Number of protein chains: 2
Amino acid sequence: MKAVKGVLDYLKSGGVEYVFGIPAGSVNAFFDELYEMPEIQPVVAKHEGAASYMAASYAKYSRSLGVCIACSGPGATNLVTGAANAMREHLPVLFLTGAVPVSTMGLNASQELNAEPVFSPVTKYSVTAQDASSLVDEVAKAVEIALSGVPGPVHVAMPIDLQLESVAEVLVPEFPVRSVMLPDRAVIKEVARKLAESESGYLFAGQGARGSEALVLELAELLGWAVMTTPQAKGLLPSDHPNNAGIFGFAGGERASQLMNGDGGKTLFVIGSSLGETATNNYNASLTKGRYVIQMDMDETVFNRKYHVDLAVKSEIGAGLAQLVQELKALGVSRMPVESIGIIADEPIDEYNTQNVLRKLQEYLPKSTRFTADIGEFMSYIVHYMKVMESDTFDINVHFGAMGSGLCAAIGSKLADPSRPVAAITGDGCFFMHGMEVMTAKEYQLPILFIVMNNARLGMVYHGHSLQYKRVHSRFEQQPVNIAKMAEAMGVPSARVEKLEDLNLDLFASLQSNNGPAVLEIALVDNNVPPMGDRVKFLSSFGK
Amino acid sequence: MKAVKGVLDYLKSGGVEYVFGIPAGSVNAFFDELYEMPEIQPVVAKHEGAASYMAASYAKYSRSLGVCIACSGPGATNLVTGAANAMREHLPVLFLTGAVPVSTMGLNASQELNAEPVFSPVTKYSVTAQDASSLVDEVAKAVEIALSGVPGPVHVAMPIDLQLESVAEVLVPEFPVRSVMLPDRAVIKEVARKLAESESGYLFAGQGARGSEALVLELAELLGWAVMTTPQAKGLLPSDHPNNAGIFGFAGGERASQLMNGDGGKTLFVIGSSLGETATNNYNASLTKGRYVIQMDMDETVFNRKYHVDLAVKSEIGAGLAQLVQELKALGVSRMPVESIGIIADEPIDEYNTQNVLRKLQEYLPKSTRFTADIGEFMSYIVHYMKVMESDTFDINVHFGAMGSGLCAAIGSKLADPSRPVAAITGDGCFFMHGMEVMTAKEYQLPILFIVMNNARLGMVYHGHSLQYKRVHSRFEQQPVNIAKMAEAMGVPSARVEKLEDLNLDLFASLQSNNGPAVLEIALVDNNVPPMGDRVKFLSSFGK
């Protein structure tokens with residue numbers, strides 16, 4: 001059999017359902033084998049970069065390996081942004097790329113590029129397979145690395161000749177099962193003691209808490225403490241939970257800011273956050289000032305990075321919290337009533353602006369809708385104003401912040417979790433970068449609502465720049481384009497909203513579909529200042 | 001003044017007119033300075049990858065430095081394909097990227113990425129500026145490297161804080177003037193002697209001969225030899241020149257193939273070609289078999305790479321050929337009549353197919369039109385069938401072959417050379433990858449005709465795969481989309497052609513514009529086998 005078939009057999013054995021990417025000469029052999037392997041569907045995207053975001057999102061929501069493939073040369077380099085994004089987000093994605101035949105390396109073959117060193121800085125492991133007989137083992141080694149320890153992306157370049165070479169039918173290596181990273185029980189006992197003894201405290205959960213939402217809430221309830229989340233963890237905890245004080249950090253809420261900047265909460269328990277720029281409102285020192293800091297993370301490099309940590313727990317969040325709750329109960333800690341964290345009443349929805357459009361959307365879309373947020377000024381409004389109705393309903397990327405990644409995440413997320421309603425919230429800038437993927441959603445009959453906030457400018461750049469410099473280059477504005485019409489030309493149902501009243505039941509009914517996407521354009525130039533002041537303060541703080 | 005202003009002053013002093021890219025927080029300071037520097041226009045693209053192709057094309061046709069800018073993180077990584085492309089094509093492009101403030105490195109700031117090692121393998125030089133006072137010197141050093149020796153791309157990452165730091169008004173470093181790489185006169189004399197003594201020979205010109213077309217033709221005329229070009233050099237020499245035997249290599253012509261594979265031409269003079277895969281029809285041994293091989297190139301690493309070279313000349317092509325012509329004349333060589341190289345009569349234009357559409361286009365577009373070809377099955381038809389009416393009228397990229405790069409090259413080329421009519425020939429796959437840049441052309445009022453060959457599939461992949469495997473995965477086909485309608489929604493004049501007769505004077509008159517682009521969609525599923533058999537033979541030769 002061809003060596004590349006071994007790779008596919010291996011991926012199939014691990015339950016891989018989709019391979020995201022674009023076919024081309026240097027990976028034809030791989031794609032040809034798919035012809036006889038209906039268990040694995042190729043998801044052919046319009047741009048490899050988009051495929052890389054889809055694969056990462058699929059990995060996140062399927063809690064399994066994402067697989068992405070592209071040709072040698074430009075296909076490979078088009079994946080680099082997605083690899084860097086997956087690295088930052090600790091998502092296990094296998095990037096496979098074609099490579100020119102070993103015998104022609106260095107001879108300017110078509111699309112030749114040694115991709116290995118390009119991927120090295122943005123993956124956990126990058127290698128070029130050296131011979132056909134070990135091709136599947138190379139891939140297996142990479143997958144093992146992707147899924148173990150702190151998960152992350154890996155890359156294997158497969159020269160054309162190796163893929164096609166005949167090899168003996170071999171036993172497919174065993175597909176790795178991730179072993180849970182357990183905490184040191186003694187450390188957990190110490191944390192439990194500290195928490196039980198603390199007169200007051202706050203929980204601060206980052207996106208590492210994804211999948212452990214119930215445990216975070218149970219812990220908060222046991223202690224009677226307020227829990228706050230980072231912007232990246234938006235959506236993990238329902239807004240109406242009595243212990244939920246909302247978001248601290250970039251575009252976060254007033255209440256969380258008051259708590260963190262106040263002198264309450266003598267213990268701060270950080271759960272699954274690296275305490276990066278957006279989580280800490282630009283490394284705000286108040287976060288840990290006068291507080292005893294406990295931090296739990298599976299990545300030990302985050303401890304004592306910027307903030308002093310008094311007690312660090314290296315552990316997978318789920319396993320660590322489960323043991324911790326057990327220990328607290330053993331110590332006799334029982335459910336405490338939370339001190340009211342104060343609900344800030346909603347303002348009425350009247351003016352046609354970004355805030356109100358986003359809030360209004362939630363009146364019509366199912367509570368379980370997962371919103372995948374793209375990058376732009378609207379992102380800050382999402383973080384600040386949208387309600388979390390159910391757990392794990394927002395996907396947001398304020399970390400690496402690749403434009404268009406939210407739009408593509410909707411596709412990966414929908415494939416990973418088909419029963420969950422999915423709506424992407426994107427902007428005209430992101431749409432112009434990767435909006436053609438709406439056609440991919442159409443071709444794969446994915447019922448996703450793409451909501452495009454169209455302000456005919458790079459809004460985040462516009463506002464950020466205006467705030468910092470009090471002037472804006474005219475080239476930040478784009479000529480207005482009717483995006484609903486573009487979607488129509490793509491053969492996708494669409495509607496254009498130009499005033500708040502346009503958002504009504506009839507509109508959503510008209511966009512309802514079970515077998516394909518729809519595009520909802522919100523034509524709106526919002527001159528309000530977005531709730532992103534701290535990012536601007538951060539940028540403005542230099543050169544003073 | 002801010003340190004970043006020094007960088008802009010420096011670029012201005014070198015005559016830089018455009019900076020291609022997308023603004024964002026980490027490069028806001030750079031963009032803000034442009035506000036007061038009308039000499040430099042930002043060309044804000046829809047995707048940084050597109051901007052990188054524009055900058056490279058601008059560098060190629062302006063024969064000067066291209067400049068491209070993007071934010072830290074995803075903006076930077078989105079430039080990697082363009083950097084790799086510029087590296088392969090020896091184009092001097094300065095890639096500037098933002099970077100997180102020095103003080104926050106390693107702390108998960110928004111869009112943090114150490115881009116330096118990512119760019120290292122795909123540029124001549126990649127560096128992160130370390131302090132404000134030397135920022136402009138770092139950039140100047142990079143530009144010097146980009147423009148000297150074998151030109152190529154370079155990368156400088158500029159941390160936000162350094163850009164904004166106040167520095168003393170300093171003397172702007174002198175902008176480098178490329179010093180011509182002259183040949184060793186003794187070697188030129190020897191080449192002249194060998195050429196004069198040869199009983200017969202062929203010239204074989206690659207894209208390194210761009211800008212030296214007249215000298216290549218003069219040399220051919222002096223010797224009375226046939227001249228052939230590589231596919232990448234398509235368009236350099238007019239088809240009707242009596243010495244021009246057309247293209248040898250990927251999708252090349254019958255006549256050139258007969259000559260190269262025959263036993264005529266006892267001397268082969270290779271001018272500005274690395275003799276890579278496409279130029280040599282997969283390293284065809286006949287190319288040099290029984291021939292005395294002379295090769296002139298500014299990149300000495302191409303000598304004896306795959307083919308034995310008897311006499312190598314390291315020189316810039318223009319300077320080398322000028323001296324050579326002089327020496328030949330001194331040796332008394334005078335214009336020789338060329339042995340007829342045989343004109344193959346055109347077949348009539350009847351069937352509605354790719355070949356005929358491309359040939360018909362040439363009846364209506366100005367002879368001086370520069371066609372920027374994108375990647376797809378149509379590329380092989382362009383190489384094989386389109387006539388070269390004037391010198392330097394085709395821009396083709398069979399080397400790195402990044403989809404969408406041809407479409408974007410039209411924009412860079414038009415800005416570099418505004419008086420030249422420009423038409424991009426692209427496909428639906430490329431259009432779905434970077435077609436949003438049609439709006440960039442609109443915003444910058446660039447009269448470019450975008451011709452989209454819409455076959456609702458990845459045609460090159462489809463045909464290549466069919467030829468190799470006799471079957472094709474159904475996912476290589478895309479759902480048909482009306483691209484003319486998409487263009488209309490973008491606010492761009494457009495037309496859709498569905499039969500050969502639709503291509504007529506009225507149509508072209510309707511698309512004529514002096515202040516913006518137009519889109520001409522050719523809806524056509526061509527089931528003929530494209531003239532690309534050798535690429536398939538190459539791919540099929542492995543695993544046998």
# chains A, B, ... in the order shown; residues from 1 in each chain; ligands from 1
call {"tool": "select_by_dssp", "arguments": {"residues": "stretch 259-397 of chain B", "states": "strand (DSSP E)", "output": "PyMOL selection string"}}
result
chain B and resi 267-271+292-297+311-314+370-373+394-395
call {"tool": "residues_around", "arguments": {"residues": "stretch 432-440 of chain A", "least_positions_apart": "6", "cutoff": "9 Å", "atoms": "only C-alpha atoms", "output": "MDAnalysis selection string"}}
result
(chainID A and resid 43:47 49:50 403:405 407:408 411 446 448 450 487 490:492 517:519) or (chainID B and resid 46:48 432:434 436:437 478:479)
call {"tool": "write_last_selection", "arguments": {"atoms": "C-alpha atoms", "output": "PDB file, in the first residue's frame"}}
result
ATOM      1  CA  VAL A  43     -13.616  20.114   4.254  1.00  0.00           C
ATOM      2  CA  VAL A  44     -12.319  22.121   1.315  1.00  0.00           C
ATOM      3  CA  ALA A  45     -12.098  25.762   2.351  1.00  0.00           C
ATOM      4  CA  LYS A  46     -11.554  28.832   0.180  1.00  0.00           C
ATOM      5  CA  HIS A  47      -8.283  29.820   1.865  1.00  0.00           C
ATOM      6  CA  GLY A  49      -5.806  30.214   6.590  1.00  0.00           C
ATOM      7  CA  ALA A  50      -9.542  29.777   7.025  1.00  0.00           C
ATOM      8  CA  MET A 403      -9.315  38.749  11.712  1.00  0.00           C
ATOM      9  CA  GLY A 404     -11.731  36.263  10.191  1.00  0.00           C
ATOM     10  CA  SER A 405     -10.926  33.576  12.728  1.00  0.00           C
ATOM     11  CA  LEU A 407     -16.163  33.593  11.162  1.00  0.00           C
ATOM     12  CA  CYS A 408     -14.243  30.373  10.477  1.00  0.00           C
ATOM     13  CA  ILE A 411     -17.742  26.380  10.846  1.00  0.00           C
ATOM     14  CA  LEU A 446     -24.129  24.096   7.762  1.00  0.00           C
ATOM     15  CA  ILE A 448     -24.855  29.025  10.681  1.00  0.00           C
ATOM     16  CA  PHE A 450     -23.271  34.996   9.961  1.00  0.00           C
ATOM     17  CA  ALA A 487     -24.238  36.960   0.150  1.00  0.00           C
ATOM     18  CA  MET A 490     -23.073  33.671  -3.242  1.00  0.00           C
ATOM     19  CA  GLY A 491     -26.431  31.936  -3.196  1.00  0.00           C
ATOM     20  CA  VAL A 492     -26.941  32.417   0.519  1.00  0.00           C
ATOM     21  CA  PRO A 517     -26.045  29.391   6.323  1.00  0.00           C
ATOM     22  CA  ALA A 518     -27.599  32.822   6.223  1.00  0.00           C
ATOM     23  CA  VAL A 519     -26.055  36.269   6.343  1.00  0.00           C
TER      24      VAL A 519
ATOM     25  CA  LYS B  46      -8.408  43.407   2.595  1.00  0.00           C
ATOM     26  CA  HIS B  47      -5.930  40.713   3.679  1.00  0.00           C
ATOM     27  CA  GLU B  48      -2.274  41.138   4.595  1.00  0.00           C
ATOM     28  CA  PHE B 432     -12.550  33.042  -3.581  1.00  0.00           C
ATOM     29  CA  MET B 433      -9.144  33.294  -1.929  1.00  0.00           C
ATOM     30  CA  HIS B 434      -8.284  36.940  -2.583  1.00  0.00           C
ATOM     31  CA  MET B 436     -12.090  40.877  -2.247  1.00  0.00           C
ATOM     32  CA  GLU B 437      -9.083  42.889  -3.388  1.00  0.00           C
ATOM     33  CA  GLN B 478     -17.519  23.895  -5.897  1.00  0.00           C
ATOM     34  CA  GLN B 479     -21.104  25.022  -6.153  1.00  0.00           C
TER      35      GLN B 479
END
call {"tool": "residues_around", "arguments": {"residues": "A:Val180", "least_positions_apart": "3", "cutoff": "9 Å", "atoms": "only C-alpha atoms", "output": "list in words"}}
result
Ser148, Gly149, Ser315, Glu316 and Ala319 of chain A
call {"tool": "write_last_selection", "arguments": {"atoms": "N, CA and C atoms", "output": "tab-separated table (two decimals), in the first residue's frame"}}
result
chain	number	residue	atom	x	y	z
A	148	SER	N	-0.49	15.68	24.26
A	148	SER	CA	0.00	15.45	25.62
A	148	SER	C	0.46	16.75	26.28
A	149	GLY	N	0.62	16.70	27.58
A	149	GLY	CA	1.08	17.87	28.34
A	149	GLY	C	0.17	19.06	28.08
A	315	SER	N	-1.99	21.48	37.28
A	315	SER	CA	-3.03	20.46	37.13
A	315	SER	C	-3.94	20.82	35.97
A	316	GLU	N	-4.54	19.81	35.40
A	316	GLU	CA	-5.64	20.04	34.49
A	316	GLU	C	-6.75	20.64	35.35
A	319	ALA	N	-9.67	18.13	36.68
A	319	ALA	CA	-9.21	17.19	37.70
A	319	ALA	C	-8.86	17.92	38.99
call {"tool": "closest_residue", "arguments": {"among": "B:Val398, B:Ile375, B:Val7, B:Ala441", "to": "chain A", "atoms": "only C-alpha atoms"}}
result
B:Val398
call {"tool": "residues_around", "arguments": {"residues": "B:Asp184", "least_positions_apart": "5", "cutoff": "9 Å", "atoms": "only C-alpha atoms", "output": "list in words"}}
result
Lys189, Val313, Lys314, Ser315 and Gly320 of chain B
call {"tool": "closest_residue", "arguments": {"among": "B:Val497, B:Ala51, B:Met389, B:Ile247", "to": "chain A", "atoms": "only C-alpha atoms"}}
result
B:Ala51
call {"tool": "closest_residue", "arguments": {"among": "A:Asn261, A:Lys367, A:Leu195, A:Gln232", "to": "A:Lys329", "atoms": "only C-alpha atoms"}}
result
A:Leu195
call {"tool": "atom_distance", "arguments": {"atom1": "atom CA of B:Pro418", "atom2": "atom CA of B:Ala29"}}
result
29.7 Å
call {"tool": "residues_around", "arguments": {"residues": "A:Leu171", "least_positions_apart": "2", "cutoff": "12 Å", "atoms": "only C-alpha atoms", "output": "PyMOL selection string"}}
result
chain A and resi 5-7+9-10+13+133-134+136-137+167-169+173-175
call {"tool": "write_last_selection", "arguments": {"atoms": "N, CA and C atoms", "output": "tab-separated table (two decimals), in the first residue's frame"}}
result
chain	number	residue	atom	x	y	z
A	5	LYS	N	-1.42	6.08	2.87
A	5	LYS	CA	-2.62	5.39	3.35
A	5	LYS	C	-2.47	5.03	4.84
A	6	GLY	N	-1.25	4.70	5.23
A	6	GLY	CA	-1.01	4.41	6.64
A	6	GLY	C	-1.37	5.59	7.52
A	7	VAL	N	-1.05	6.79	7.03
A	7	VAL	CA	-1.36	8.01	7.79
A	7	VAL	C	-2.87	8.14	7.96
A	9	ASP	N	-5.13	5.70	7.71
A	9	ASP	CA	-5.62	4.62	8.58
A	9	ASP	C	-5.44	5.01	10.05
A	10	TYR	N	-4.28	5.60	10.30
A	10	TYR	CA	-3.98	6.02	11.67
A	10	TYR	C	-4.96	7.08	12.15
A	13	SER	N	-8.28	5.63	12.83
A	13	SER	CA	-8.32	4.85	14.08
A	13	SER	C	-8.51	5.76	15.29
A	133	SER	N	8.83	4.45	5.06
A	133	SER	CA	8.49	3.39	6.02
A	133	SER	C	8.19	3.96	7.41
A	134	SER	N	8.70	5.16	7.68
A	134	SER	CA	8.44	5.72	9.01
A	134	SER	C	7.45	6.89	8.97
A	136	VAL	N	4.17	7.09	8.87
A	136	VAL	CA	3.06	7.02	9.83
A	136	VAL	C	3.59	7.18	11.26
A	137	ASP	N	4.78	6.69	11.52
A	137	ASP	CA	5.33	6.85	12.87
A	137	ASP	C	5.64	8.32	13.17
A	167	VAL	N	4.70	0.67	0.73
A	167	VAL	CA	5.28	0.13	1.96
A	167	VAL	C	4.49	-1.12	2.33
A	168	ALA	N	5.12	-1.96	3.14
A	168	ALA	CA	4.42	-3.16	3.60
A	168	ALA	C	3.26	-2.74	4.48
A	169	GLU	N	2.19	-3.50	4.40
A	169	GLU	CA	1.03	-3.25	5.27
A	169	GLU	C	1.54	-3.33	6.71
A	173	PRO	N	0.03	2.49	14.38
A	173	PRO	CA	0.39	2.76	15.79
A	173	PRO	C	-0.87	3.10	16.60
A	174	GLU	N	-0.82	2.81	17.87
A	174	GLU	CA	-1.99	3.10	18.70
A	174	GLU	C	-2.21	4.61	18.80
A	175	PHE	N	-3.44	5.02	18.64
A	175	PHE	CA	-3.75	6.45	18.71
A	175	PHE	C	-3.75	6.86	20.18
call {"tool": "residues_around", "arguments": {"residues": "B:Glu213", "least_positions_apart": "6", "cutoff": "12 Å", "atoms": "only C-alpha atoms", "output": "PDB file with N, CA and C atoms, in the first residue's frame"}}
result
ATOM      1  N   ALA B 205      16.227  31.900 -22.063  1.00  0.00           N
ATOM      2  CA  ALA B 205      16.133  33.023 -21.127  1.00  0.00           C
ATOM      3  C   ALA B 205      15.076  32.792 -20.066  1.00  0.00           C
ATOM      4  N   GLY B 206      15.451  32.998 -18.842  1.00  0.00           N
ATOM      5  CA  GLY B 206      14.511  32.925 -17.723  1.00  0.00           C
ATOM      6  C   GLY B 206      14.087  34.320 -17.304  1.00  0.00           C
ATOM      7  N   GLN B 207      13.366  34.393 -16.209  1.00  0.00           N
ATOM      8  CA  GLN B 207      12.837  35.716 -15.844  1.00  0.00           C
ATOM      9  C   GLN B 207      13.923  36.666 -15.350  1.00  0.00           C
ATOM     10  N   LEU B 219      21.377  39.752 -29.057  1.00  0.00           N
ATOM     11  CA  LEU B 219      22.302  38.627 -29.013  1.00  0.00           C
ATOM     12  C   LEU B 219      21.832  37.506 -29.946  1.00  0.00           C
ATOM     13  N   ALA B 220      20.531  37.190 -29.873  1.00  0.00           N
ATOM     14  CA  ALA B 220      19.971  36.141 -30.725  1.00  0.00           C
ATOM     15  C   ALA B 220      20.155  36.486 -32.196  1.00  0.00           C
ATOM     16  N   VAL B 227      15.901  31.674 -29.768  1.00  0.00           N
ATOM     17  CA  VAL B 227      15.849  31.949 -28.338  1.00  0.00           C
ATOM     18  C   VAL B 227      14.560  31.374 -27.785  1.00  0.00           C
ATOM     19  N   THR B 229      12.239  30.824 -24.070  1.00  0.00           N
ATOM     20  CA  THR B 229      12.120  31.343 -22.702  1.00  0.00           C
ATOM     21  C   THR B 229      11.499  30.278 -21.808  1.00  0.00           C
ATOM     22  N   ALA B 233       9.274  33.290 -17.717  1.00  0.00           N
ATOM     23  CA  ALA B 233       9.690  34.447 -18.534  1.00  0.00           C
ATOM     24  C   ALA B 233       8.715  34.695 -19.678  1.00  0.00           C
ATOM     25  N   LYS B 234       7.559  34.030 -19.609  1.00  0.00           N
ATOM     26  CA  LYS B 234       6.512  34.270 -20.613  1.00  0.00           C
ATOM     27  C   LYS B 234       6.265  35.766 -20.728  1.00  0.00           C
ATOM     28  N   GLY B 235       6.251  36.254 -21.967  1.00  0.00           N
ATOM     29  CA  GLY B 235       5.896  37.655 -22.150  1.00  0.00           C
ATOM     30  C   GLY B 235       7.082  38.567 -22.338  1.00  0.00           C
ATOM     31  N   LEU B 236       8.285  38.065 -22.056  1.00  0.00           N
ATOM     32  CA  LEU B 236       9.435  38.962 -22.209  1.00  0.00           C
ATOM     33  C   LEU B 236       9.703  39.260 -23.687  1.00  0.00           C
ATOM     34  N   LEU B 237       9.570  38.243 -24.532  1.00  0.00           N
ATOM     35  CA  LEU B 237       9.941  38.421 -25.939  1.00  0.00           C
ATOM     36  C   LEU B 237       8.721  38.282 -26.841  1.00  0.00           C
ATOM     37  N   PRO B 238       8.538  39.227 -27.742  1.00  0.00           N
ATOM     38  CA  PRO B 238       7.368  39.164 -28.631  1.00  0.00           C
ATOM     39  C   PRO B 238       7.330  37.855 -29.421  1.00  0.00           C
ATOM     40  N   HIS B 241       8.786  37.697 -33.088  1.00  0.00           N
ATOM     41  CA  HIS B 241      10.190  37.946 -33.403  1.00  0.00           C
ATOM     42  C   HIS B 241      10.755  36.704 -34.087  1.00  0.00           C
ATOM     43  N   ASN B 244      12.402  34.002 -32.021  1.00  0.00           N
ATOM     44  CA  ASN B 244      11.709  33.493 -30.834  1.00  0.00           C
ATOM     45  C   ASN B 244      11.041  32.148 -31.119  1.00  0.00           C
ATOM     46  N   ILE B 271      20.262  32.132 -19.695  1.00  0.00           N
ATOM     47  CA  ILE B 271      20.343  33.526 -19.247  1.00  0.00           C
ATOM     48  C   ILE B 271      19.286  33.802 -18.185  1.00  0.00           C
ATOM     49  N   GLY B 272      19.702  33.883 -16.948  1.00  0.00           N
ATOM     50  CA  GLY B 272      18.759  34.274 -15.885  1.00  0.00           C
ATOM     51  C   GLY B 272      17.687  33.243 -15.588  1.00  0.00           C
ATOM     52  N   ILE B 317      22.168  40.375 -15.363  1.00  0.00           N
ATOM     53  CA  ILE B 317      21.946  39.992 -16.765  1.00  0.00           C
ATOM     54  C   ILE B 317      22.170  41.180 -17.722  1.00  0.00           C
ATOM     55  N   GLY B 318      21.607  42.319 -17.372  1.00  0.00           N
ATOM     56  CA  GLY B 318      21.730  43.482 -18.262  1.00  0.00           C
ATOM     57  C   GLY B 318      23.182  43.844 -18.516  1.00  0.00           C
ATOM     58  N   LEU B 321      25.091  40.990 -20.466  1.00  0.00           N
ATOM     59  CA  LEU B 321      24.743  40.886 -21.895  1.00  0.00           C
ATOM     60  C   LEU B 321      25.277  42.076 -22.683  1.00  0.00           C
ATOM     61  N   ALA B 322      25.245  43.243 -22.061  1.00  0.00           N
ATOM     62  CA  ALA B 322      25.745  44.436 -22.757  1.00  0.00           C
ATOM     63  C   ALA B 322      27.225  44.254 -23.108  1.00  0.00           C
ATOM     64  N   GLU B 390       3.939  42.476 -27.114  1.00  0.00           N
ATOM     65  CA  GLU B 390       5.012  43.417 -26.778  1.00  0.00           C
ATOM     66  C   GLU B 390       5.824  42.846 -25.617  1.00  0.00           C
ATOM     67  N   SER B 391       6.991  43.419 -25.431  1.00  0.00           N
ATOM     68  CA  SER B 391       7.856  42.938 -24.350  1.00  0.00           C
ATOM     69  C   SER B 391       7.251  43.167 -22.967  1.00  0.00           C
ATOM     70  N   ASP B 392       7.533  42.229 -22.086  1.00  0.00           N
ATOM     71  CA  ASP B 392       7.178  42.346 -20.670  1.00  0.00           C
ATOM     72  C   ASP B 392       5.678  42.539 -20.456  1.00  0.00           C
ATOM     73  N   THR B 393       4.910  41.686 -21.106  1.00  0.00           N
ATOM     74  CA  THR B 393       3.456  41.822 -21.025  1.00  0.00           C
ATOM     75  C   THR B 393       2.781  40.703 -20.236  1.00  0.00           C
TER      76      THR B 393
END
call {"tool": "select_by_dssp", "arguments": {"residues": "stretch 20-191 of chain A", "states": "alpha helix (DSSP H)", "output": "count of residues only"}}
result
64
call {"tool": "closest_residue", "arguments": {"among": "B:Arg359, B:Glu488, B:His465, B:Asn114", "to": "B:Asp346", "atoms": "only C-alpha atoms"}}
result
B:Arg359
call {"tool": "atom_distance", "arguments": {"atom1": "atom CA of B:Glu300", "atom2": "atom CA of B:Ala186"}}
result
17.1 Å
call {"tool": "closest_residue", "arguments": {"among": "B:Asp299, B:Glu190, B:Glu17, B:Glu165", "to": "chain A", "atoms": "only C-alpha atoms"}}
result
B:Glu165
call {"tool": "closest_residue", "arguments": {"among": "A:Gly262, A:Pro421, A:Gly412, A:Pro531", "to": "A:His463", "atoms": "only C-alpha atoms"}}
result
A:Pro531
call {"tool": "atom_distance", "arguments": {"atom1": "atom CA of A:Tyr283", "atom2": "atom CA of A:Lys306"}}
result
7.6 Å
